[in-house]
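Next comes run.tsv, a file with TSV, C-alpha atoms.
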```tsv
chain	number	residue	atom	x	y	z
A	1	MET	CA	52.00	178.11	-42.74
A	2	PHE	CA	48.47	177.49	-43.95
A	3	GLU	CA	46.98	180.30	-41.86
A	4	ASN	CA	49.48	182.78	-43.31
A	5	GLY	CA	48.63	181.65	-46.83
A	6	LEU	CA	44.93	182.04	-46.16
A	7	LEU	CA	45.47	185.40	-44.47
A	8	ASN	CA	47.46	186.70	-47.44
A	9	LEU	CA	44.79	185.40	-49.82
A	10	THR	CA	42.11	187.21	-47.81
A	11	ASN	CA	44.13	190.44	-47.64
A	12	TRP	CA	44.94	190.32	-51.33
A	13	THR	CA	41.34	189.66	-52.33
A	14	ALA	CA	39.79	192.20	-49.97
A	15	ASN	CA	42.37	194.98	-50.13
A	16	VAL	CA	43.76	194.70	-53.66
A	17	ILE	CA	41.28	192.99	-55.96
A	18	MET	CA	38.02	194.31	-54.55
A	19	PRO	CA	39.02	198.02	-54.58
A	20	THR	CA	40.10	197.49	-58.19
A	21	LEU	CA	36.80	195.81	-59.02
A	22	ALA	CA	35.03	198.79	-57.47
A	23	GLY	CA	35.96	200.75	-60.59
A	24	LEU	CA	34.33	198.11	-62.79
A	25	PHE	CA	31.23	198.01	-60.62
A	26	ALA	CA	30.96	201.81	-60.76
A	27	ALA	CA	31.40	201.75	-64.55
A	28	GLY	CA	28.67	199.11	-64.81
A	29	ALA	CA	26.41	201.19	-62.60
A	30	ILE	CA	26.89	204.26	-64.81
A	31	TYR	CA	26.17	202.22	-67.95
A	32	ARG	CA	22.97	200.79	-66.46
A	33	PHE	CA	21.97	204.25	-65.25
A	34	SER	CA	22.41	205.61	-68.78
A	35	LYS	CA	20.09	202.86	-70.07
A	36	ALA	CA	17.48	203.70	-67.40
A	37	GLN	CA	18.00	200.26	-65.81
A	38	SER	CA	18.41	199.42	-62.15
A	39	TYR	CA	21.88	200.46	-61.05
A	40	THR	CA	21.58	200.33	-57.27
A	41	ASN	CA	23.17	196.88	-56.88
A	42	LEU	CA	26.30	197.80	-58.79
A	43	SER	CA	26.66	201.21	-57.17
A	44	TYR	CA	26.31	199.80	-53.65
A	45	ALA	CA	28.65	196.93	-54.59
A	46	ALA	CA	31.26	199.49	-55.71
A	47	PHE	CA	30.90	201.23	-52.39
A	48	ALA	CA	31.12	197.95	-50.43
A	49	SER	CA	34.13	196.77	-52.46
A	50	LEU	CA	36.10	199.72	-51.14
A	51	MET	CA	35.37	198.82	-47.53
A	52	CYS	CA	35.75	195.03	-47.24
A	53	SER	CA	37.98	195.43	-44.18
A	54	GLY	CA	35.46	197.74	-42.55
A	55	LEU	CA	32.61	195.29	-43.17
A	56	LEU	CA	34.65	192.46	-41.65
A	57	ARG	CA	35.49	194.65	-38.65
A	58	ALA	CA	31.74	195.32	-38.29
A	59	LEU	CA	31.00	191.57	-38.27
A	60	GLU	CA	33.84	191.01	-35.79
A	61	THR	CA	32.33	193.67	-33.56
A	62	PHE	CA	28.93	191.98	-33.79
A	63	THR	CA	30.39	188.64	-32.74
A	64	SER	CA	32.63	190.02	-30.00
A	65	GLN	CA	29.65	191.04	-27.88
A	66	ALA	CA	30.14	187.75	-25.99
A	67	GLY	CA	33.16	185.63	-25.05
A	68	ALA	CA	34.63	183.13	-27.49
A	69	ASN	CA	33.09	180.15	-25.70
A	70	ASP	CA	29.83	181.84	-24.74
A	71	PRO	CA	26.90	179.69	-25.96
A	72	ASP	CA	24.96	182.88	-26.76
A	73	ARG	CA	27.68	184.27	-28.99
A	74	TYR	CA	25.93	183.53	-32.31
A	75	TRP	CA	22.55	184.75	-31.06
A	76	LEU	CA	24.10	187.94	-29.68
A	77	SER	CA	25.92	188.55	-32.96
A	78	ILE	CA	22.64	188.29	-34.91
A	79	LEU	CA	20.93	190.45	-32.28
A	80	THR	CA	23.65	193.10	-32.65
A	81	LEU	CA	23.31	192.90	-36.43
A	82	THR	CA	19.56	193.43	-36.07
A	83	ASN	CA	20.10	196.37	-33.72
A	84	TRP	CA	22.63	197.89	-36.09
A	85	VAL	CA	20.29	197.53	-39.07
A	86	GLY	CA	17.38	198.93	-37.08
A	87	ASN	CA	19.14	201.76	-35.30
A	88	VAL	CA	21.85	202.81	-37.75
A	89	LEU	CA	21.07	201.69	-41.29
A	90	LEU	CA	17.32	202.28	-41.32
A	91	PRO	CA	17.53	205.89	-40.04
A	92	LEU	CA	20.10	206.58	-42.74
A	93	TYR	CA	17.90	204.92	-45.33
A	94	GLY	CA	14.94	206.91	-44.02
A	95	THR	CA	16.89	210.15	-44.53
A	96	LEU	CA	17.66	209.04	-48.06
A	97	GLN	CA	13.96	208.37	-48.65
A	98	VAL	CA	13.13	211.91	-47.49
A	99	VAL	CA	15.63	213.26	-50.01
A	100	MET	CA	14.12	211.03	-52.70
A	101	ALA	CA	10.65	212.28	-51.79
A	102	VAL	CA	11.78	215.87	-52.29
A	103	VAL	CA	13.48	215.00	-55.58
A	104	HIS	CA	10.40	213.12	-56.78
A	105	PHE	CA	8.16	215.98	-55.74
A	106	ALA	CA	10.34	218.34	-57.75
A	107	GLY	CA	9.83	216.05	-60.76
A	108	LEU	CA	13.55	215.59	-61.37
A	109	LEU	CA	13.52	211.80	-61.48
A	110	GLU	CA	10.76	211.74	-64.08
A	111	ARG	CA	13.27	213.07	-66.54
A	112	MET	CA	15.73	210.30	-65.69
A	113	THR	CA	13.49	207.36	-66.53
A	114	ILE	CA	10.86	207.67	-69.21
A	115	GLY	CA	10.10	210.48	-71.56
A	116	GLU	CA	12.54	213.33	-71.32
A	117	ALA	CA	15.87	211.56	-70.87
A	118	TRP	CA	18.19	214.52	-71.27
A	119	VAL	CA	18.92	214.83	-67.53
A	120	ARG	CA	19.84	211.14	-67.34
A	121	ASN	CA	22.03	211.41	-70.44
A	122	LEU	CA	23.72	214.52	-69.13
A	123	ALA	CA	24.31	212.95	-65.71
A	124	SER	CA	25.62	209.75	-67.35
A	125	ALA	CA	28.02	211.72	-69.52
A	126	MET	CA	29.29	213.65	-66.49
A	127	MET	CA	29.84	210.44	-64.55
A	128	CYS	CA	31.55	208.75	-67.52
A	129	PHE	CA	34.01	211.63	-67.74
A	130	GLY	CA	34.56	211.67	-64.00
A	131	LEU	CA	34.61	208.02	-62.94
A	132	SER	CA	37.97	208.25	-61.21
A	133	GLY	CA	36.76	211.33	-59.41
A	134	ILE	CA	33.68	209.43	-58.23
A	135	LEU	CA	35.90	206.63	-56.94
A	136	ARG	CA	38.14	209.15	-55.13
A	137	LEU	CA	34.99	210.64	-53.62
A	138	LEU	CA	33.85	207.22	-52.40
A	139	GLU	CA	37.32	206.55	-51.00
A	140	SER	CA	37.36	209.86	-49.16
A	141	TRP	CA	33.94	209.07	-47.64
A	142	ILE	CA	35.26	205.70	-46.48
A	143	GLN	CA	38.43	207.28	-45.07
A	144	ASN	CA	36.29	209.77	-43.20
A	145	GLY	CA	34.14	206.90	-41.96
A	146	ALA	CA	37.20	204.98	-40.77
A	147	ALA	CA	37.93	207.87	-38.42
A	148	GLY	CA	34.59	207.24	-36.72
A	149	VAL	CA	31.41	209.28	-36.42
A	150	ARG	CA	32.22	212.96	-35.79
B	1	MET	CA	61.01	134.43	-25.98
B	2	THR	CA	62.85	137.33	-27.56
B	3	THR	CA	61.63	138.89	-30.78
B	4	PRO	CA	63.88	138.16	-33.76
B	5	GLN	CA	66.13	141.09	-34.67
B	6	ILE	CA	64.73	141.37	-38.20
B	7	LEU	CA	61.21	141.88	-36.81
B	8	VAL	CA	62.48	144.44	-34.30
B	9	ASP	CA	64.23	146.26	-37.14
B	10	LEU	CA	61.12	146.13	-39.33
B	11	LEU	CA	58.97	147.53	-36.53
B	12	GLN	CA	61.53	150.27	-35.88
B	13	LEU	CA	61.54	151.06	-39.59
B	14	LEU	CA	57.77	151.46	-39.57
B	15	PHE	CA	57.92	153.72	-36.50
B	16	ASP	CA	60.63	155.87	-38.11
B	17	LEU	CA	58.61	156.22	-41.30
B	18	ALA	CA	55.52	157.50	-39.47
B	19	VAL	CA	56.34	161.21	-39.94
B	20	PRO	CA	57.18	160.95	-43.66
B	21	ALA	CA	54.03	158.86	-44.09
B	22	ALA	CA	52.10	161.65	-42.35
B	23	MET	CA	53.47	164.06	-44.98
B	24	CYS	CA	52.07	161.77	-47.68
B	25	THR	CA	48.66	161.52	-46.01
B	26	MET	CA	48.58	165.32	-45.69
B	27	VAL	CA	49.22	165.63	-49.45
B	28	LEU	CA	46.40	163.17	-50.07
B	29	ALA	CA	44.21	165.23	-47.70
B	30	GLY	CA	44.97	168.32	-49.79
B	31	LEU	CA	43.96	166.51	-52.98
B	32	ALA	CA	40.78	165.26	-51.30
B	33	LEU	CA	39.98	168.79	-50.10
B	34	ARG	CA	39.63	169.91	-53.72
B	35	THR	CA	37.83	166.88	-55.09
B	36	GLU	CA	35.18	166.74	-52.38
B	37	GLY	CA	33.32	169.96	-53.02
B	38	GLY	CA	35.27	173.19	-53.47
B	39	VAL	CA	35.13	175.51	-50.48
B	40	ASN	CA	33.16	172.93	-48.50
B	41	PHE	CA	34.18	169.42	-47.50
B	42	GLU	CA	32.37	166.13	-47.12
B	43	ALA	CA	31.66	165.17	-43.51
B	44	GLY	CA	33.23	161.75	-43.03
B	45	GLY	CA	34.82	162.06	-46.45
B	46	ARG	CA	38.37	161.38	-47.59
B	47	PHE	CA	39.74	164.72	-46.38
B	48	GLN	CA	38.73	163.98	-42.81
B	49	ARG	CA	40.00	160.42	-43.05
B	50	TRP	CA	43.43	161.46	-44.38
B	51	MET	CA	43.70	164.12	-41.69
B	52	LEU	CA	42.84	161.53	-39.06
B	53	TRP	CA	45.51	159.21	-40.43
B	54	SER	CA	48.03	162.06	-40.33
B	55	VAL	CA	47.21	162.66	-36.67
B	56	ILE	CA	47.46	158.95	-35.87
B	57	LEU	CA	50.81	158.65	-37.64
B	58	LEU	CA	52.19	161.71	-35.89
B	59	THR	CA	51.12	160.39	-32.49
B	60	LEU	CA	51.84	156.71	-33.12
B	61	PRO	CA	54.21	156.13	-30.14
B	62	GLN	CA	51.77	157.82	-27.73
B	63	PHE	CA	48.82	156.02	-29.35
B	64	LEU	CA	50.49	152.65	-28.78
B	65	SER	CA	51.46	153.59	-25.22
B	66	TRP	CA	47.74	153.72	-24.40
B	67	PHE	CA	47.46	150.04	-25.41
B	68	ALA	CA	50.63	149.24	-23.45
B	69	ALA	CA	49.12	150.88	-20.35
B	70	HIS	CA	46.15	148.50	-20.70
B	71	GLY	CA	48.34	145.42	-20.71
B	72	VAL	CA	48.69	144.86	-24.44
B	73	PRO	CA	52.36	143.97	-25.11
B	74	MET	CA	53.95	146.55	-27.42
B	75	PRO	CA	57.38	146.45	-29.07
B	76	SER	CA	60.10	148.75	-27.79
B	77	GLN	CA	60.45	151.96	-29.81
B	78	ALA	CA	63.87	152.90	-28.51
B	79	GLY	CA	66.99	152.74	-30.67
B	80	GLY	CA	67.34	152.72	-34.42
B	81	VAL	CA	67.38	150.23	-37.25
B	82	SER	CA	70.47	148.06	-36.88
B	83	SER	CA	70.33	146.46	-40.32
B	84	PRO	CA	72.16	148.61	-42.89
B	85	TRP	CA	69.85	147.34	-45.63
B	86	LEU	CA	66.72	148.46	-43.76
B	87	ALA	CA	68.46	151.70	-42.74
B	88	GLY	CA	69.05	152.32	-46.45
B	89	ILE	CA	65.36	151.78	-47.19
B	90	GLU	CA	64.45	154.18	-44.38
B	91	GLY	CA	66.83	156.87	-45.61
B	92	GLY	CA	65.66	156.39	-49.19
B	93	PHE	CA	61.98	156.76	-48.28
B	94	LYS	CA	62.64	159.83	-46.16
B	95	SER	CA	64.65	161.48	-48.95
B	96	PHE	CA	61.97	160.56	-51.48
B	97	VAL	CA	59.29	162.22	-49.38
B	98	GLN	CA	61.37	165.35	-48.68
B	99	GLU	CA	63.14	165.81	-51.99
B	100	VAL	CA	60.54	164.52	-54.44
B	101	ILE	CA	57.09	164.80	-52.87
B	102	VAL	CA	57.42	167.87	-50.61
B	103	ALA	CA	60.01	169.84	-52.59
B	104	LYS	CA	58.85	169.13	-56.16
B	105	LEU	CA	55.59	167.25	-56.56
B	106	VAL	CA	53.56	169.32	-54.12
B	107	SER	CA	54.43	172.62	-55.84
B	108	ILE	CA	53.49	171.10	-59.21
B	109	LEU	CA	50.17	169.90	-57.81
B	110	ALA	CA	49.56	173.35	-56.34
B	111	ALA	CA	50.32	174.97	-59.70
B	112	PHE	CA	47.88	172.54	-61.27
B	113	PHE	CA	45.22	173.67	-58.80
B	114	VAL	CA	45.92	177.32	-59.63
B	115	LEU	CA	45.29	176.46	-63.28
B	116	LYS	CA	42.16	174.61	-62.18
B	117	ALA	CA	41.06	177.77	-60.30
B	118	ALA	CA	41.44	179.84	-63.48
B	119	LEU	CA	39.44	177.27	-65.46
B	120	ASP	CA	36.82	177.08	-62.69
B	121	GLY	CA	36.41	180.84	-62.99
B	122	ALA	CA	36.19	180.64	-66.78
B	123	GLN	CA	33.43	178.06	-66.40
B	124	GLY	CA	31.52	180.34	-64.05
B	125	HIS	CA	32.30	178.26	-60.96
B	126	ASN	CA	33.86	179.42	-57.71
B	127	PRO	CA	37.68	179.30	-57.99
B	128	LEU	CA	38.21	179.54	-54.23
B	129	GLY	CA	38.13	175.78	-53.60
B	130	SER	CA	41.10	175.17	-55.88
B	131	ILE	CA	43.03	178.11	-54.42
B	132	VAL	CA	42.49	176.96	-50.84
B	133	ALA	CA	43.59	173.43	-51.81
B	134	ALA	CA	46.72	174.88	-53.49
B	135	ILE	CA	47.59	176.84	-50.33
B	136	PHE	CA	46.98	173.74	-48.22
B	137	LEU	CA	49.34	171.69	-50.42
B	138	LEU	CA	52.08	174.34	-50.45
B	139	THR	CA	52.04	174.48	-46.65
B	140	VAL	CA	51.97	170.73	-45.97
B	141	SER	CA	55.41	170.54	-44.34
B	142	THR	CA	54.80	173.52	-42.03
B	143	THR	CA	51.36	172.19	-41.15
B	144	VAL	CA	52.95	168.88	-40.13
B	145	GLN	CA	55.42	170.82	-37.97
B	146	LEU	CA	52.51	172.72	-36.43
B	147	MET	CA	50.69	169.46	-35.71
B	148	GLN	CA	53.82	167.99	-34.14
B	149	GLY	CA	53.80	170.99	-31.83
B	150	PHE	CA	50.26	169.97	-30.79
B	151	ASN	CA	51.56	166.57	-29.58
B	152	SER	CA	50.96	166.55	-25.83
B	153	GLY	CA	53.10	163.44	-25.34
B	154	SER	CA	50.45	161.76	-23.20
B	155	GLN	CA	48.57	158.53	-23.89
B	156	PHE	CA	45.76	160.71	-25.26
B	157	ALA	CA	48.01	162.61	-27.66
B	158	THR	CA	45.87	161.59	-30.65
B	159	THR	CA	42.68	163.11	-29.28
B	160	ASP	CA	44.63	166.03	-27.79
B	161	MET	CA	46.04	166.78	-31.23
B	162	LEU	CA	42.57	166.59	-32.80
B	163	ALA	CA	41.27	168.99	-30.13
B	164	SER	CA	44.17	171.37	-30.76
B	165	LEU	CA	43.51	171.18	-34.49
B	166	TRP	CA	39.86	172.04	-33.87
B	167	ASN	CA	40.90	175.04	-31.77
B	168	PHE	CA	43.32	176.09	-34.51
B	169	VAL	CA	40.62	175.84	-37.17
B	170	SER	CA	37.95	177.59	-35.12
B	171	GLY	CA	40.20	180.24	-33.60
B	172	THR	CA	42.57	181.06	-36.47
B	173	ILE	CA	41.42	179.71	-39.82
B	174	LEU	CA	37.69	180.49	-39.66
B	175	PRO	CA	38.09	184.18	-38.65
B	176	GLU	CA	40.38	184.58	-41.67
B	177	ALA	CA	37.86	182.78	-43.84
B	178	ALA	CA	35.21	185.24	-42.64
B	179	GLY	CA	37.05	187.93	-44.64
B	180	LEU	CA	36.68	185.84	-47.78
B	181	VAL	CA	32.99	185.37	-46.99
B	182	VAL	CA	32.54	189.17	-46.85
B	183	VAL	CA	34.16	189.44	-50.29
B	184	GLY	CA	31.86	186.67	-51.57
B	185	ALA	CA	28.83	188.49	-50.15
B	186	ILE	CA	29.76	191.71	-51.97
B	187	ILE	CA	30.28	189.85	-55.26
B	188	ASN	CA	26.96	188.05	-54.80
B	189	TYR	CA	25.27	191.37	-54.13
B	190	ALA	CA	26.69	192.85	-57.32
B	191	ARG	CA	25.47	189.80	-59.26
B	192	GLN	CA	22.04	189.93	-57.59
B	193	ARG	CA	22.47	186.59	-55.86
B	194	PRO	CA	21.59	185.73	-52.23
B	195	VAL	CA	23.73	187.65	-49.74
B	196	MET	CA	22.27	186.92	-46.33
B	197	PRO	CA	23.37	183.24	-46.15
B	198	LEU	CA	26.95	184.47	-46.52
B	199	VAL	CA	26.47	187.15	-43.85
B	200	TYR	CA	25.09	184.55	-41.44
B	201	SER	CA	27.97	182.22	-42.36
B	202	ALA	CA	30.52	184.95	-41.62
B	203	LEU	CA	28.94	185.51	-38.23
B	204	ALA	CA	28.97	181.74	-37.64
B	205	PHE	CA	32.66	181.54	-38.63
B	206	LEU	CA	33.44	184.23	-36.09
B	207	SER	CA	31.43	182.55	-33.34
B	208	VAL	CA	31.95	178.85	-34.03
B	209	GLN	CA	33.49	178.12	-30.63
B	210	GLY	CA	30.45	179.65	-28.95
B	211	SER	CA	28.17	177.55	-31.16
B	212	GLY	CA	30.08	174.45	-30.01
B	213	SER	CA	29.49	175.48	-26.40
B	214	LEU	CA	25.80	175.98	-27.21
B	215	SER	CA	25.56	172.42	-28.62
B	216	ARG	CA	27.28	171.08	-25.49
B	217	GLN	CA	24.86	173.06	-23.32
B	218	TRP	CA	21.88	171.58	-25.17
B	219	SER	CA	23.20	168.05	-24.80
B	220	ASP	CA	23.92	168.64	-21.10
B	221	GLU	CA	20.38	169.93	-20.58
B	222	ALA	CA	18.94	166.90	-22.36
B	223	ARG	CA	21.04	164.60	-20.14
B	224	GLU	CA	19.86	166.39	-17.00
B	225	ARG	CA	16.21	166.04	-18.05
B	226	ARG	CA	16.68	162.27	-18.21
```

Let me see whether you can do it: turn the structure in this file into structure tokens.
Amino acid sequence: MFENGLLNLTNWTANVIMPTLAGLFAAGAIYRFSKAQSYTNLSYAAFASLMCSGLLRALETFTSQAGANDPDRYWLSILTLTNWVGNVLLPLYGTLQVVMAVVHFAGLLERMTIGEAWVRNLASAMMCFGLSGILRLLESWIQNGAAGVR
Amino acid sequence: MTTPQILVDLLQLLFDLAVPAAMCTMVLAGLALRTEGGVNFEAGGRFQRWMLWSVILLTLPQFLSWFAAHGVPMPSQAGGVSSPWLAGIEGGFKSFVQEVIVAKLVSILAAFFVLKAALDGAQGHNPLGSIVAAIFLLTVSTTVQLMQGFNSGSQFATTDMLASLWNFVSGTILPEAAGLVVVGAIINYARQRPVMPLVYSALAFLSVQGSGSLSRQWSDEARERR
């Protein structure tokens, strides 16, 4: 049946191909990091590639705030997305910014961009040697996340 | 005045060939799905028209019964073709559709679309349109069976089948497609392309029935204001 074909295509893409591509995204992120270029897109993409199912479940949760035929279903789904971004993602991002402020204050990141590049090169080399370990770390974070907030 | 037997037989032949003809229109719909814009489709385009013809062919007896109920004389659809020559044509066409088109040609066309998907990807285009068309073609016979299950048997079977198809698309196909949209959003993010349109699309796919209700509510409100 068509729906089974489409379902298998979705499962294959999201659960087989994307986790594999996560390795390539992570490798690309490390390469860009070593060149002092922006690597955030690729690193976040690697992270997101490992949790396609989780992201879809999140969207399903956003849309299931109202009944299937409820006229407000789309509005409520966007409202829930907004609430989630505002109340979950932004506090996490804020925490990250505090960490970055401390790191910047310590002067560590200055050595990763311009001038003294030895910290960046050392970190790049460590990540190159331990890419599979990084991926396992990401996977373990996602597995922990799948169990819910504890 | 009675209808000549040859005309009765010819009409019966056409009625009997409706389902195999629906298979053919479904194959043409699958081809149109690819040619009319990849993962999207043209509103009022050939895909929609071939799907509509498939529905009409699958509900032909019920469709004609609506005319009969309004006083338009319709030929009887009971019995089979009495002429052996016409029966041979009927059997030949049915075998051709089953053994050549559905069993062989469709799988070759699907394989061709898989190749097209690979070449689309090599050209930097989205391969998903060709893959979806290939899946559609490979599942033509089961989709026709599914649509036959949607036949309500009433005079309004054609519109009932279209409504059931809409429910099937909005309730089953689009939530599955939302998963592909999430994958597309991640790939777009990695390639520094717009992500939010895909996120909003995924939400819309998951709430399309509610959006339909919203449109109905708006039109009802506008009618009440008048």

List every protein, DNA or RNA residue that has an atom no more than 12 Å from (44.4, 165.7, -50.9) in the file's coordinate frame, counting all atoms listed in the file, and report them as a PyMOL selection string. chain B and resi 23-36+41+45-51+54+106+109-110+113+130+132-138+140

Please, could you write that set of residues out with C-alpha atoms as a short mmCIF file (atom, residue, chain, number, x, y, z; two decimals), keeping the file's coordinate frame?
```cif
data_model
loop_
_atom_site.label_atom_id
_atom_site.label_comp_id
_atom_site.auth_asym_id
_atom_site.auth_seq_id
_atom_site.Cartn_x
_atom_site.Cartn_y
_atom_site.Cartn_z
CA MET B 23 53.47 164.06 -44.98
CA CYS B 24 52.07 161.77 -47.68
CA THR B 25 48.66 161.52 -46.01
CA MET B 26 48.58 165.32 -45.69
CA VAL B 27 49.22 165.63 -49.45
CA LEU B 28 46.40 163.17 -50.07
CA ALA B 29 44.21 165.23 -47.70
CA GLY B 30 44.97 168.32 -49.79
CA LEU B 31 43.96 166.51 -52.98
CA ALA B 32 40.78 165.26 -51.30
CA LEU B 33 39.98 168.79 -50.10
CA ARG B 34 39.63 169.91 -53.72
CA THR B 35 37.83 166.88 -55.09
CA GLU B 36 35.18 166.74 -52.38
CA PHE B 41 34.18 169.42 -47.50
CA GLY B 45 34.82 162.06 -46.45
CA ARG B 46 38.37 161.38 -47.59
CA PHE B 47 39.74 164.72 -46.38
CA GLN B 48 38.73 163.98 -42.81
CA ARG B 49 40.00 160.42 -43.05
CA TRP B 50 43.43 161.46 -44.38
CA MET B 51 43.70 164.12 -41.69
CA SER B 54 48.03 162.06 -40.33
CA VAL B 106 53.56 169.32 -54.12
CA LEU B 109 50.17 169.90 -57.81
CA ALA B 110 49.56 173.35 -56.34
CA PHE B 113 45.22 173.67 -58.80
CA SER B 130 41.10 175.17 -55.88
CA VAL B 132 42.49 176.96 -50.84
CA ALA B 133 43.59 173.43 -51.81
CA ALA B 134 46.72 174.88 -53.49
CA ILE B 135 47.59 176.84 -50.33
CA PHE B 136 46.98 173.74 -48.22
CA LEU B 137 49.34 171.69 -50.42
CA LEU B 138 52.08 174.34 -50.45
CA VAL B 140 51.97 170.73 -45.97
#
```

Hey, list the chain A side of the contact with chain B: 8 Å cut-off, all atoms listed in the file, answer as a PDB file with C-alpha atoms, in the coordinates of the input.
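Wrote it out as selection.pdb, contents follow:
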```pdb
ATOM      1  CA  MET A   1      52.000 178.110 -42.740  1.00  0.00           C
ATOM      2  CA  PHE A   2      48.470 177.490 -43.950  1.00  0.00           C
ATOM      3  CA  GLU A   3      46.980 180.300 -41.860  1.00  0.00           C
ATOM      4  CA  GLY A   5      48.630 181.650 -46.830  1.00  0.00           C
ATOM      5  CA  LEU A   6      44.930 182.040 -46.160  1.00  0.00           C
ATOM      6  CA  LEU A   7      45.470 185.400 -44.470  1.00  0.00           C
ATOM      7  CA  THR A  10      42.110 187.210 -47.810  1.00  0.00           C
ATOM      8  CA  THR A  13      41.340 189.660 -52.330  1.00  0.00           C
ATOM      9  CA  ALA A  14      39.790 192.200 -49.970  1.00  0.00           C
ATOM     10  CA  MET A  18      38.020 194.310 -54.550  1.00  0.00           C
ATOM     11  CA  PHE A  25      31.230 198.010 -60.620  1.00  0.00           C
ATOM     12  CA  ASN A  41      23.170 196.880 -56.880  1.00  0.00           C
ATOM     13  CA  LEU A  42      26.300 197.800 -58.790  1.00  0.00           C
ATOM     14  CA  TYR A  44      26.310 199.800 -53.650  1.00  0.00           C
ATOM     15  CA  ALA A  45      28.650 196.930 -54.590  1.00  0.00           C
ATOM     16  CA  ALA A  48      31.120 197.950 -50.430  1.00  0.00           C
ATOM     17  CA  SER A  49      34.130 196.770 -52.460  1.00  0.00           C
ATOM     18  CA  CYS A  52      35.750 195.030 -47.240  1.00  0.00           C
ATOM     19  CA  SER A  53      37.980 195.430 -44.180  1.00  0.00           C
ATOM     20  CA  LEU A  55      32.610 195.290 -43.170  1.00  0.00           C
ATOM     21  CA  LEU A  56      34.650 192.460 -41.650  1.00  0.00           C
ATOM     22  CA  LEU A  59      31.000 191.570 -38.270  1.00  0.00           C
ATOM     23  CA  GLU A  60      33.840 191.010 -35.790  1.00  0.00           C
ATOM     24  CA  PHE A  62      28.930 191.980 -33.790  1.00  0.00           C
ATOM     25  CA  THR A  63      30.390 188.640 -32.740  1.00  0.00           C
ATOM     26  CA  GLY A  67      33.160 185.630 -25.050  1.00  0.00           C
ATOM     27  CA  ALA A  68      34.630 183.130 -27.490  1.00  0.00           C
ATOM     28  CA  ASN A  69      33.090 180.150 -25.700  1.00  0.00           C
ATOM     29  CA  ASP A  70      29.830 181.840 -24.740  1.00  0.00           C
ATOM     30  CA  PRO A  71      26.900 179.690 -25.960  1.00  0.00           C
ATOM     31  CA  ASP A  72      24.960 182.880 -26.760  1.00  0.00           C
ATOM     32  CA  ARG A  73      27.680 184.270 -28.990  1.00  0.00           C
ATOM     33  CA  TYR A  74      25.930 183.530 -32.310  1.00  0.00           C
ATOM     34  CA  SER A  77      25.920 188.550 -32.960  1.00  0.00           C
ATOM     35  CA  ILE A  78      22.640 188.290 -34.910  1.00  0.00           C
TER      36      ILE A  78
END
```

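Restricting the calculation to only C-alpha atoms, the smallest distance between Ile17 (chain A) and any of A:Ser132, A:Val99, A:Val85, A:Ala46 is found for A:Ala46.
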
Work out how far CA of Val88 (chain A) is from CA of Leu198 (chain B), in Å to one decimal. 21.0 Å

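Separating CA of Gln143 (chain A) from CA of Pro19 (chain A) is a distance of 13.3 Å.
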
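In this structure, CA of Gly80 (chain B) sits 10.3 Å away from CA of Leu10 (chain B).
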